[in-house]
file input19.cif (mmCIF, C-alpha atoms and all ligand atoms)
data_query
loop_
_atom_site.label_atom_id
_atom_site.label_comp_id
_atom_site.auth_asym_id
_atom_site.auth_seq_id
_atom_site.Cartn_x
_atom_site.Cartn_y
_atom_site.Cartn_z
CA MET A 1 0.00 0.00 0.00
CA SER A 2 3.03 2.25 0.33
CA ASN A 3 2.49 3.64 -3.19
CA SER A 4 -0.99 4.86 -2.28
CA PRO A 5 -1.44 8.60 -2.86
CA PHE A 6 -2.79 8.90 0.68
CA LEU A 7 0.18 7.45 2.49
CA SER A 8 3.32 9.30 3.46
CA VAL A 9 6.28 8.85 5.73
CA CYS A 10 6.72 11.58 8.28
CA THR A 11 9.37 14.18 7.61
CA ALA A 12 9.02 17.67 9.12
CA ASP A 13 7.67 18.85 5.74
CA ILE A 14 5.03 16.15 5.72
CA ILE A 15 3.96 17.07 9.26
CA ARG A 16 3.65 20.73 8.21
CA ASN A 17 1.60 19.74 5.15
CA ALA A 18 -0.64 17.56 7.28
CA ALA A 19 -1.21 20.40 9.78
CA ALA A 20 -2.04 22.72 6.85
CA ALA A 21 -4.48 20.12 5.49
CA LEU A 22 -6.22 20.02 8.88
CA LYS A 23 -6.44 23.81 8.87
CA ALA A 24 -7.96 23.71 5.39
CA GLY A 25 -10.69 21.41 6.72
CA HIS A 26 -9.34 18.09 5.41
CA LEU A 27 -8.91 14.87 7.37
CA VAL A 28 -5.58 13.45 8.51
CA ALA A 29 -5.30 9.90 9.77
CA PHE A 30 -2.32 9.67 12.11
CA PRO A 31 -0.50 7.06 14.18
CA THR A 32 -0.85 7.02 17.94
CA GLU A 33 0.57 4.56 20.46
CA THR A 34 -2.92 3.07 21.00
CA VAL A 35 -4.48 2.82 17.51
CA TYR A 36 -4.54 5.08 14.43
CA GLY A 37 -6.86 8.10 14.68
CA LEU A 38 -8.87 9.92 12.02
CA GLY A 39 -8.29 13.59 12.79
CA ALA A 40 -9.98 16.88 11.97
CA ASP A 41 -9.76 20.46 13.27
CA ALA A 42 -11.64 20.28 16.58
CA ARG A 43 -13.05 23.79 15.98
CA ASN A 44 -14.33 23.12 12.46
CA PRO A 45 -17.83 21.58 12.50
CA ILE A 46 -17.81 20.83 8.76
CA ALA A 47 -14.49 19.00 8.94
CA VAL A 48 -15.62 17.06 12.01
CA LYS A 49 -18.86 16.13 10.24
CA ARG A 50 -16.75 14.43 7.57
CA ILE A 51 -15.19 12.18 10.22
CA TYR A 52 -18.67 10.85 10.96
CA GLU A 53 -19.43 10.41 7.25
CA VAL A 54 -16.15 8.63 6.51
CA LYS A 55 -16.58 6.34 9.53
CA GLY A 56 -20.31 5.80 9.03
CA ARG A 57 -20.65 6.63 12.71
CA PRO A 58 -23.77 7.96 14.50
CA SER A 59 -23.34 11.68 15.21
CA ASP A 60 -24.19 11.40 18.91
CA HIS A 61 -21.07 9.31 19.50
CA PRO A 62 -18.39 11.71 20.85
CA LEU A 63 -14.76 12.14 19.74
CA ILE A 64 -11.52 12.54 21.68
CA VAL A 65 -9.81 15.95 21.50
CA HIS A 66 -6.06 15.40 21.15
CA ILE A 67 -3.92 18.11 22.76
CA SER A 68 -0.13 18.52 22.97
CA SER A 69 0.18 18.87 26.75
CA ILE A 70 -1.66 19.24 30.02
CA ASN A 71 -1.25 23.01 29.59
CA GLN A 72 -3.95 22.94 26.90
CA LEU A 73 -6.48 21.25 29.19
CA GLY A 74 -8.00 24.51 30.43
CA ASN A 75 -8.84 25.63 26.87
CA TRP A 76 -11.32 22.80 26.45
CA ALA A 77 -12.40 21.80 29.95
CA THR A 78 -13.59 23.44 33.15
CA GLU A 79 -14.21 22.32 36.75
CA ILE A 80 -11.04 20.25 36.56
CA PRO A 81 -10.60 18.32 39.83
CA ASP A 82 -7.15 18.01 41.44
CA TYR A 83 -7.08 14.29 40.79
CA ALA A 84 -7.47 14.92 37.03
CA ILE A 85 -4.38 17.15 37.12
CA GLU A 86 -2.56 14.42 39.04
CA LEU A 87 -3.60 11.87 36.42
CA GLY A 88 -2.47 14.12 33.58
CA ARG A 89 0.88 14.79 35.27
CA ASN A 90 1.52 11.09 35.80
CA PHE A 91 0.16 9.46 32.66
CA TRP A 92 0.40 12.04 29.85
CA PRO A 93 1.67 11.82 27.22
CA GLY A 94 0.18 8.34 27.12
CA PRO A 95 -2.77 6.02 26.52
CA MET A 96 -5.23 7.74 28.88
CA THR A 97 -8.30 9.84 28.03
CA LEU A 98 -9.93 12.11 30.62
CA ILE A 99 -13.62 13.06 30.51
CA LEU A 100 -14.20 16.54 31.95
CA LYS A 101 -16.90 19.23 31.97
CA ARG A 102 -16.53 21.03 28.66
CA LYS A 103 -15.90 24.66 27.87
CA ASP A 104 -17.78 26.31 24.98
CA LEU A 105 -14.81 25.71 22.67
CA ALA A 106 -15.71 22.00 22.73
CA GLY A 107 -18.82 22.15 20.54
CA ASP A 108 -21.78 19.79 20.40
CA PHE A 109 -20.34 18.44 17.15
CA ILE A 110 -17.39 17.01 19.16
CA THR A 111 -19.16 15.90 22.31
CA GLY A 112 -22.23 14.35 20.75
CA GLY A 113 -24.26 17.05 22.53
CA GLN A 114 -23.03 16.04 25.98
CA ASP A 115 -21.76 18.61 28.49
CA THR A 116 -18.47 16.72 28.83
CA VAL A 117 -15.41 16.51 26.58
CA ALA A 118 -12.81 13.76 26.19
CA LEU A 119 -9.15 14.85 26.16
CA ARG A 120 -5.89 13.01 25.54
CA VAL A 121 -2.20 13.76 25.07
CA PRO A 122 -0.83 10.88 22.98
CA SER A 123 2.83 9.85 23.33
CA ASP A 124 3.48 8.77 19.74
CA PRO A 125 6.12 11.21 18.41
CA ILE A 126 4.38 11.71 15.05
CA ALA A 127 1.03 12.36 16.74
CA LEU A 128 2.64 14.85 19.12
CA ALA A 129 4.54 16.62 16.34
CA LEU A 130 1.34 16.92 14.30
CA ILE A 131 -0.72 18.22 17.22
CA LYS A 132 1.98 20.78 18.14
CA GLU A 133 2.34 21.97 14.57
CA PHE A 134 -1.43 22.27 14.22
CA GLU A 135 -1.79 24.14 17.52
CA LYS A 136 0.84 26.59 16.33
CA ILE A 137 -1.01 27.52 13.14
CA SER A 138 -4.60 27.24 14.37
CA ASN A 139 -5.01 27.64 18.13
CA SER A 140 -7.03 24.47 17.91
CA ALA A 141 -6.59 20.75 18.63
CA ILE A 142 -7.24 17.53 16.72
CA ALA A 143 -10.56 15.77 17.22
CA ALA A 144 -10.24 12.10 16.39
CA PRO A 145 -11.87 8.73 16.88
CA SER A 146 -10.17 5.53 15.74
CA ALA A 147 -9.63 5.46 11.96
CA ASN A 148 -11.95 2.54 11.16
CA ARG A 149 -15.50 2.19 9.86
CA PHE A 150 -18.01 2.22 12.71
CA GLY A 151 -18.16 -1.08 14.60
CA GLN A 152 -15.08 -2.50 12.85
CA VAL A 153 -11.65 -3.37 14.15
CA SER A 154 -9.42 -0.39 15.08
CA PRO A 155 -6.42 0.08 12.76
CA THR A 156 -2.91 -0.41 14.15
CA SER A 157 -0.98 0.44 10.96
CA SER A 158 -1.36 2.90 8.09
CA SER A 159 -2.19 0.09 5.67
CA ASP A 160 -5.02 -0.97 8.02
CA VAL A 161 -6.33 2.61 7.78
CA TYR A 162 -6.13 2.50 4.02
CA GLU A 163 -7.93 -0.84 3.95
CA GLU A 164 -10.70 0.54 6.23
CA LEU A 165 -11.17 4.03 4.85
CA GLY A 166 -9.32 4.35 1.53
CA GLU A 167 -12.49 4.37 -0.54
CA TYR A 168 -14.16 7.00 1.67
CA LEU A 169 -11.28 9.50 1.86
CA SER A 170 -10.73 12.23 -0.72
CA ASP A 171 -7.50 13.14 -2.52
CA SER A 172 -6.95 16.07 -0.15
CA ASP A 173 -7.05 13.87 2.94
CA ILE A 174 -3.81 12.39 4.27
CA VAL A 175 -2.87 9.13 5.94
CA LEU A 176 0.39 9.44 7.87
CA ASN A 177 2.52 6.34 8.17
CA GLY A 178 4.08 5.72 11.57
CA GLY A 179 4.53 1.96 11.59
CA ASN A 180 2.66 -0.32 13.95
CA SER A 181 0.95 1.10 17.06
CA ILE A 182 3.02 -0.08 20.01
CA ILE A 183 0.14 -0.53 22.46
CA GLY A 184 -2.47 -1.74 20.02
CA ILE A 185 -5.73 -1.22 21.94
CA GLU A 186 -7.64 1.97 22.67
CA SER A 187 -6.90 4.33 25.59
CA THR A 188 -8.11 3.91 29.15
CA ILE A 189 -11.06 6.35 29.46
CA ILE A 190 -11.55 7.96 32.88
CA ASP A 191 -14.59 9.98 33.89
CA CYS A 192 -13.32 12.94 35.93
CA THR A 193 -16.68 14.65 36.53
CA GLY A 194 -17.34 13.12 39.95
CA LYS A 195 -15.68 13.13 43.38
CA GLN A 196 -13.52 10.20 42.35
CA PRO A 197 -12.16 9.01 39.03
CA ARG A 198 -14.08 6.20 37.35
CA ILE A 199 -12.78 3.99 34.55
CA LEU A 200 -15.31 3.99 31.70
CA ARG A 201 -13.22 1.92 29.29
CA PRO A 202 -10.33 -0.27 30.46
CA GLY A 203 -7.05 0.07 28.57
CA PHE A 204 -3.29 -0.32 28.80
CA ILE A 205 -3.14 1.87 31.92
CA THR A 206 -4.69 -0.30 34.61
CA LEU A 207 -6.70 0.38 37.74
CA GLU A 208 -3.70 -0.66 39.85
CA GLN A 209 -1.36 1.76 38.06
CA LEU A 210 -3.85 4.61 38.48
CA GLU A 211 -4.36 3.94 42.16
CA ALA A 212 -0.62 3.65 42.80
CA ARG A 213 -0.12 7.20 41.51
CA LEU A 214 -3.10 8.99 43.06
CA ASP A 215 -3.12 10.68 46.48
CA SER A 216 -6.65 9.45 47.12
CA PRO A 217 -6.43 5.98 45.65
CA ILE A 218 -10.10 5.33 45.00
CA VAL A 219 -10.81 4.47 41.40
CA GLU A 220 -14.02 2.80 40.34
CA GLN A 221 -14.04 0.49 37.33
CA LEU A 222 -17.41 0.77 35.67
CA VAL A 223 -19.00 -2.08 33.83
CA SER A 224 -21.78 0.04 32.42
CA THR A 225 -22.62 3.73 32.47
CA THR A 226 -25.27 6.11 31.21
CA LEU A 227 -22.55 8.13 29.48
CA ARG A 228 -22.12 7.17 25.86
CA PHE A 229 -18.67 5.78 25.36
CA SER A 230 -16.88 3.51 22.98
CA GLY A 231 -17.66 -0.13 23.56
CA ALA A 232 -21.09 0.72 24.97
CA PHE A 233 -22.47 -0.46 21.68
CA GLU A 234 -22.75 -4.19 21.34
CA LYS A 235 -21.17 -4.69 17.94
CA HIS A 236 -17.64 -3.36 18.25
CA TYR A 237 -14.04 -4.16 17.47
CA ALA A 238 -15.39 -7.03 15.39
CA PRO A 239 -13.83 -8.66 12.32
CA LYS A 240 -15.92 -10.51 9.71
CA CYS A 241 -15.09 -13.93 11.13
CA LYS A 242 -16.85 -15.10 14.26
CA ILE A 243 -14.83 -14.90 17.45
CA ILE A 244 -15.38 -17.28 20.31
CA LEU A 245 -13.65 -17.58 23.64
CA SER A 246 -13.35 -21.29 24.17
CA ASP A 247 -11.03 -24.06 25.25
CA GLN A 248 -12.62 -26.60 22.95
CA ILE A 249 -11.16 -27.82 19.67
CA TRP A 250 -12.76 -26.38 16.52
CA LYS A 251 -11.33 -28.10 13.49
CA GLY A 252 -10.02 -25.68 10.86
CA ALA A 253 -10.61 -22.58 13.01
CA GLY A 254 -8.03 -19.90 13.69
CA PHE A 255 -6.39 -19.97 17.11
CA LEU A 256 -4.97 -17.19 19.29
CA ALA A 257 -3.48 -17.78 22.73
CA LEU A 258 -0.43 -16.97 24.83
CA LYS A 259 2.71 -18.78 23.64
CA GLU A 260 2.69 -21.14 26.63
CA ILE A 261 -0.60 -22.66 25.43
CA ALA A 262 -0.06 -25.30 22.74
CA THR A 263 -2.16 -25.30 19.58
CA PRO A 264 -4.91 -27.91 19.83
CA GLY A 265 -4.95 -30.35 16.91
CA ASP A 266 -6.34 -29.21 13.54
CA MET A 267 -6.48 -25.52 14.42
CA ILE A 268 -4.61 -22.73 12.63
CA ARG A 269 -2.30 -20.82 14.97
CA LEU A 270 -2.39 -17.10 14.08
CA ALA A 271 -0.22 -15.64 16.85
CA SER A 272 1.64 -16.64 20.01
CA PRO A 273 2.10 -13.54 22.19
CA GLU A 274 4.58 -14.02 25.04
CA SER A 275 2.96 -11.50 27.40
CA ASN A 276 -0.33 -9.71 27.92
CA GLU A 277 1.27 -6.53 26.53
CA GLU A 278 2.14 -8.37 23.33
CA PHE A 279 -1.36 -9.91 23.31
CA ALA A 280 -2.85 -6.40 23.25
CA ARG A 281 -0.39 -5.23 20.59
CA ILE A 282 -1.22 -8.03 18.12
CA LEU A 283 -4.92 -8.47 18.96
CA TYR A 284 -6.41 -6.37 16.14
CA SER A 285 -3.85 -7.35 13.52
CA THR A 286 -4.69 -10.98 14.34
CA PHE A 287 -8.40 -10.26 13.78
CA ARG A 288 -7.47 -8.80 10.39
CA GLU A 289 -5.24 -11.76 9.61
CA ALA A 290 -8.16 -14.11 10.32
CA ASP A 291 -10.26 -12.19 7.78
CA ARG A 292 -7.45 -12.18 5.23
CA LYS A 293 -7.23 -15.95 5.58
CA ARG A 294 -11.04 -16.03 5.14
CA LEU A 295 -11.52 -18.02 8.30
CA ASP A 296 -15.10 -18.40 9.51
CA LEU A 297 -14.05 -18.78 13.12
CA LEU A 298 -11.31 -17.47 15.39
CA VAL A 299 -10.99 -19.23 18.73
CA VAL A 300 -9.26 -17.20 21.44
CA ARG A 301 -7.97 -18.27 24.84
CA PRO A 302 -8.16 -15.01 26.71
CA PRO A 303 -5.41 -14.02 29.16
CA LYS A 304 -6.13 -13.85 32.90
CA SER A 305 -8.52 -11.08 33.91
CA GLU A 306 -5.91 -8.92 35.66
CA GLY A 307 -3.91 -5.84 34.68
CA ILE A 308 -4.10 -5.20 30.95
CA GLY A 309 -5.80 -8.60 30.62
CA ILE A 310 -9.02 -6.83 31.71
CA ALA A 311 -8.90 -4.53 28.67
CA ILE A 312 -8.08 -7.41 26.33
CA ILE A 313 -11.01 -9.43 27.63
CA GLU A 314 -13.32 -6.42 27.30
CA ARG A 315 -12.34 -6.02 23.61
CA LEU A 316 -12.67 -9.77 23.01
CA SER A 317 -16.13 -9.85 24.58
CA LYS A 318 -17.32 -6.96 22.42
CA ALA A 319 -15.83 -8.57 19.33
CA SER A 320 -17.37 -11.94 20.09
CA LEU A 321 -20.82 -10.36 20.37
CA GLY A 322 -19.96 -9.07 16.89
CA ARG A 323 -21.74 -10.44 13.95
P1 LIG A 401 -12.70 5.87 19.57
O1 LIG A 401 -11.25 6.23 19.58
O2 LIG A 401 -13.21 5.45 18.25
O3 LIG A 401 -13.03 4.88 20.66
O4 LIG A 401 -13.51 7.20 19.88
C1 LIG A 401 -13.30 8.04 20.94
C2 LIG A 401 -14.11 7.63 22.12
O5 LIG A 401 -13.91 8.54 23.21
C3 LIG A 401 -15.57 7.68 21.91
O6 LIG A 401 -16.08 6.58 21.25
C4 LIG A 401 -16.05 7.70 23.31
O7 LIG A 401 -16.01 6.42 23.82
C5 LIG A 401 -15.01 8.44 24.09
N1 LIG A 401 -15.56 9.75 24.48
C6 LIG A 401 -15.43 10.90 23.85
N2 LIG A 401 -16.10 11.88 24.50
C7 LIG A 401 -16.70 11.33 25.55
C8 LIG A 401 -17.55 11.82 26.59
N3 LIG A 401 -17.89 13.10 26.67
N4 LIG A 401 -17.99 10.95 27.52
C9 LIG A 401 -17.66 9.65 27.45
N5 LIG A 401 -16.86 9.13 26.50
C10 LIG A 401 -16.38 9.95 25.55
MG MG A 402 -13.25 3.29 17.79
#
call {"tool": "encode", "arguments": {"input": "input19.cif", "output": "structure tokens", "more": "lines below"}}
Ligand code: AMP
Ligand code: MG
result
Amino acid sequence: MSNSPFLSVCTADIIRNAAAALKAGHLVAFPTETVYGLGADARNPIAVKRIYEVKGRPSDHPLIVHISSINQLGNWATEIPDYAIELGRNFWPGPMTLILKRKDLAGDFITGGQDTVALRVPSDPIALALIKEFEKISNSAIAAPSANRFGQVSPTSSSDVYEELGEYLSDSDIVLNGGNSIIGIESTIIDCTGKQPRILRPGFITLEQLEARLDSPIVEQLVSTTLRFSGAFEKHYAPKCKIILSDQIWKGAGFLALKEIATPGDMIRLASPESNEEFARILYSTFREADRKRLDLLVVRPPKSEGIGIAIIERLSKASLGR
């Protein structure tokens, strides 16, 4: 895919061009450490509307505003509790999204009409360079969801983005190429509108890590919430093939498990991650691999439900509800 007109490697010139494209109202898909995002100028309602069109996503489903540092937080959010500052200081740049009361700058077209806004400082160097460059020329930030069609598997490489969205993007849009996402699953989302932080979506940053860094170590992990957040929809993160979590043998099915678990007879081993971190990193590319191999079924032995295993199991459960 590297000869696609949309794809580019990231020199300083390319970053400047991409920032200019955002300013002109075009879309830029960019790498982050979690998954690839589909970005638009967070202050441009027409550009943001195109994100929804390209994704085929319902317009009441909010986006994450990507900022370059915690110093930008006050432009977009208000009533910021001390613990949110503590979280930002400890985990940004990184795979953590904070939900805060919005300021007027965060329009309904970003928040899905809610009075809260989602904010994140990604750590991927290309993402950060792009956000900084765009802030410099626009006084704005980059609104972005994951760069996949609604309900599909999140992309972890630029060729995944092209595969997902190529036919929906225009010639003026850009897909930046930053290799494979090193974390591979979406950010930990934390609701910071109450007395204590609450995890709305588990991710790479775990409950234990959050509590270890907070002065008042009380973090709730929500299973369900009235807020609309990613994963609250049943069909999500799902490839075309059916995914089941099972320890039975399914002849001819794809198989994904930690390396220490041997492949049961007559199943097709797709990946053998050596740790839960690696499991997260290869999860979505393994889903895509199963589809490329035209498998009807992918059998997964989930990791233990602890640490990042919780986020992996959450994604697997959503994917197995899939089709
Ligand atoms: P995605 O990267 O595709 O998961 O999209 C960004 C996600 O951020 C959205 O799907 C929501 O889950 C989450 N998000 C954005 N704004 C809010 C908000 N105000 N409240 C709760 N979740 C939000
Ligand atoms: Mg998504």
call {"tool": "closest_residue", "arguments": {"input": "input19.cif", "among": "A:Pro122, A:Pro302, A:Gly265, A:Gly37", "to": "ligand LIG 401 (chain A)", "atoms": "all atoms listed in the file"}}
result
A:Gly37
call {"tool": "atom_distance", "arguments": {"input": "input19.cif", "atom1": "CA of Glu133 (chain A)", "atom2": "CA of Glu33 (chain A)"}}
result
18.5 Å
call {"tool": "closest_residue", "arguments": {"input": "input19.cif", "among": "A:Ile313, A:Ile15, A:Ala147, A:Leu256", "to": "ligand MG 402 (chain A)", "atoms": "all atoms listed in the file"}}
result
A:Ala147
call {"tool": "residues_around", "arguments": {"input": "input19.cif", "residues": "Ala280 (chain A)", "least_positions_apart": "2", "cutoff": "9 Å", "atoms": "all atoms listed in the file", "output": "PyMOL selection string"}}
result
chain A and resi 183-185+204+273+275-278+282-284+308-309+311-312
call {"tool": "write_last_selection", "arguments": {"input": "input19.cif", "atoms": "C-alpha atoms", "output": "CSV table (one decimal), in the coordinates of the input"}}
result
chain,number,residue,atom,x,y,z
A,183,ILE,CA,0.1,-0.5,22.5
A,184,GLY,CA,-2.5,-1.7,20.0
A,185,ILE,CA,-5.7,-1.2,21.9
A,204,PHE,CA,-3.3,-0.3,28.8
A,273,PRO,CA,2.1,-13.5,22.2
A,275,SER,CA,3.0,-11.5,27.4
A,276,ASN,CA,-0.3,-9.7,27.9
A,277,GLU,CA,1.3,-6.5,26.5
A,278,GLU,CA,2.1,-8.4,23.3
A,282,ILE,CA,-1.2,-8.0,18.1
A,283,LEU,CA,-4.9,-8.5,19.0
A,284,TYR,CA,-6.4,-6.4,16.1
A,308,ILE,CA,-4.1,-5.2,31.0
A,309,GLY,CA,-5.8,-8.6,30.6
A,311,ALA,CA,-8.9,-4.5,28.7
A,312,ILE,CA,-8.1,-7.4,26.3
call {"tool": "residues_near_ligand", "arguments": {"input": "input19.cif", "ligand": "ligand MG 402 (chain A)", "cutoff": "7 Å", "atoms": "all atoms listed in the file", "output": "PyMOL selection string"}}
result
chain A and resi 145-146+148+154+230
call {"tool": "closest_residue", "arguments": {"input": "input19.cif", "among": "A:Ala257, A:Leu100, A:Ala19, A:Ala290", "to": "ligand LIG 401 (chain A)", "atoms": "all atoms listed in the file"}}
result
A:Leu100
call {"tool": "atom_distance", "arguments": {"input": "input19.cif", "atom1": "CA of Ala319 (chain A)", "atom2": "CA of Arg269 (chain A)"}}
result
18.8 Å
call {"tool": "atom_distance", "arguments": {"input": "input19.cif", "atom1": "CA of Gln196 (chain A)", "atom2": "CA of Ser317 (chain A)"}}
result
26.9 Å
call {"tool": "closest_residue", "arguments": {"input": "input19.cif", "among": "A:Gly56, A:Gly178, A:Gly307, A:Gly166", "to": "Leu207 (chain A)", "atoms": "only C-alpha atoms"}}
result
A:Gly307
call {"tool": "closest_residue", "arguments": {"input": "input19.cif", "among": "A:Pro81, A:Pro31, A:Gly74, A:Gly151", "to": "ligand LIG 401 (chain A)", "atoms": "all atoms listed in the file"}}
result
A:Gly151
call {"tool": "residues_around", "arguments": {"input": "input19.cif", "residues": "Asp82 (chain A)", "least_positions_apart": "4", "cutoff": "12 Å", "atoms": "all atoms listed in the file", "output": "PyMOL selection string"}}
result
chain A and resi 78+86-89+100+192-197+214-216
call {"tool": "axis_aligned_box", "arguments": {"input": "input19.cif", "around": "ligand LIG 401 (chain A)", "padding_each_side": "4 Å", "output": "AutoDock Vina command-line options"}}
result
--center_x -14.6 --center_y 9.0 --center_z 22.9 --size_x 14.7 --size_y 16.2 --size_z 17.3
call {"tool": "residues_around", "arguments": {"input": "input19.cif", "residues": "Thr263 (chain A)", "least_positions_apart": "4", "cutoff": "12 Å", "atoms": "all atoms listed in the file", "output": "VMD selection string"}}
result
chain A and resid 247 to 259 267 to 272 299 to 301
call {"tool": "closest_residue", "arguments": {"input": "input19.cif", "among": "A:Ala118, A:Ala143, A:Val161, A:Val65", "to": "ligand LIG 401 (chain A)", "atoms": "all atoms listed in the file"}}
result
A:Ala118
call {"tool": "decode", "arguments": {"input": "input19.cif", "residues": "region 256-263 of chain A", "atoms": "all heavy atoms", "output": "short mmCIF file (atom, residue, chain, number, x, y, z; two decimals), in the first residue's frame"}}
result
data_model
loop_
_atom_site.label_atom_id
_atom_site.label_comp_id
_atom_site.auth_asym_id
_atom_site.auth_seq_id
_atom_site.Cartn_x
_atom_site.Cartn_y
_atom_site.Cartn_z
N LEU A 256 -5.82 -18.22 18.68
CA LEU A 256 -4.97 -17.19 19.29
C LEU A 256 -4.90 -17.44 20.79
O LEU A 256 -5.92 -17.54 21.47
CB LEU A 256 -5.55 -15.79 19.02
CG LEU A 256 -4.98 -14.63 19.85
CD1 LEU A 256 -3.49 -14.42 19.59
CD2 LEU A 256 -5.75 -13.33 19.54
N ALA A 257 -3.68 -17.56 21.30
CA ALA A 257 -3.48 -17.78 22.73
C ALA A 257 -2.06 -17.38 23.09
O ALA A 257 -1.21 -17.22 22.19
CB ALA A 257 -3.70 -19.25 23.07
N LEU A 258 -1.79 -17.22 24.37
CA LEU A 258 -0.43 -16.97 24.83
C LEU A 258 0.47 -18.13 24.37
O LEU A 258 0.01 -19.27 24.23
CB LEU A 258 -0.39 -16.85 26.35
CG LEU A 258 -0.91 -15.52 26.92
CD1 LEU A 258 -1.15 -15.64 28.42
CD2 LEU A 258 0.06 -14.37 26.62
N LYS A 259 1.75 -17.80 24.18
CA LYS A 259 2.71 -18.78 23.64
C LYS A 259 2.73 -20.08 24.43
O LYS A 259 2.87 -21.17 23.87
CB LYS A 259 4.10 -18.14 23.64
CG LYS A 259 5.12 -18.96 22.90
CD LYS A 259 6.44 -18.23 22.84
CE LYS A 259 7.45 -19.09 22.09
NZ LYS A 259 8.80 -18.58 22.25
N GLU A 260 2.58 -19.94 25.77
CA GLU A 260 2.69 -21.14 26.63
C GLU A 260 1.57 -22.15 26.39
O GLU A 260 1.67 -23.30 26.82
CB GLU A 260 2.69 -20.70 28.10
CG GLU A 260 1.37 -20.09 28.55
CD GLU A 260 1.53 -18.96 29.57
OE1 GLU A 260 2.50 -18.19 29.46
OE2 GLU A 260 0.68 -18.84 30.47
N ILE A 261 0.51 -21.73 25.70
CA ILE A 261 -0.60 -22.66 25.43
C ILE A 261 -0.40 -23.28 24.04
O ILE A 261 -0.32 -22.57 23.04
CB ILE A 261 -1.96 -21.92 25.48
CG1 ILE A 261 -2.15 -21.33 26.89
CG2 ILE A 261 -3.11 -22.85 25.11
CD1 ILE A 261 -3.33 -20.41 27.02
N ALA A 262 -0.31 -24.60 24.01
CA ALA A 262 -0.06 -25.30 22.74
C ALA A 262 -1.29 -25.23 21.84
O ALA A 262 -2.42 -25.10 22.33
CB ALA A 262 0.30 -26.76 23.02
N THR A 263 -1.05 -25.31 20.54
CA THR A 263 -2.16 -25.30 19.58
C THR A 263 -2.87 -26.64 19.61
O THR A 263 -2.24 -27.67 19.41
CB THR A 263 -1.62 -25.08 18.14
OG1 THR A 263 -0.69 -24.00 18.17
CG2 THR A 263 -2.76 -24.78 17.18
#
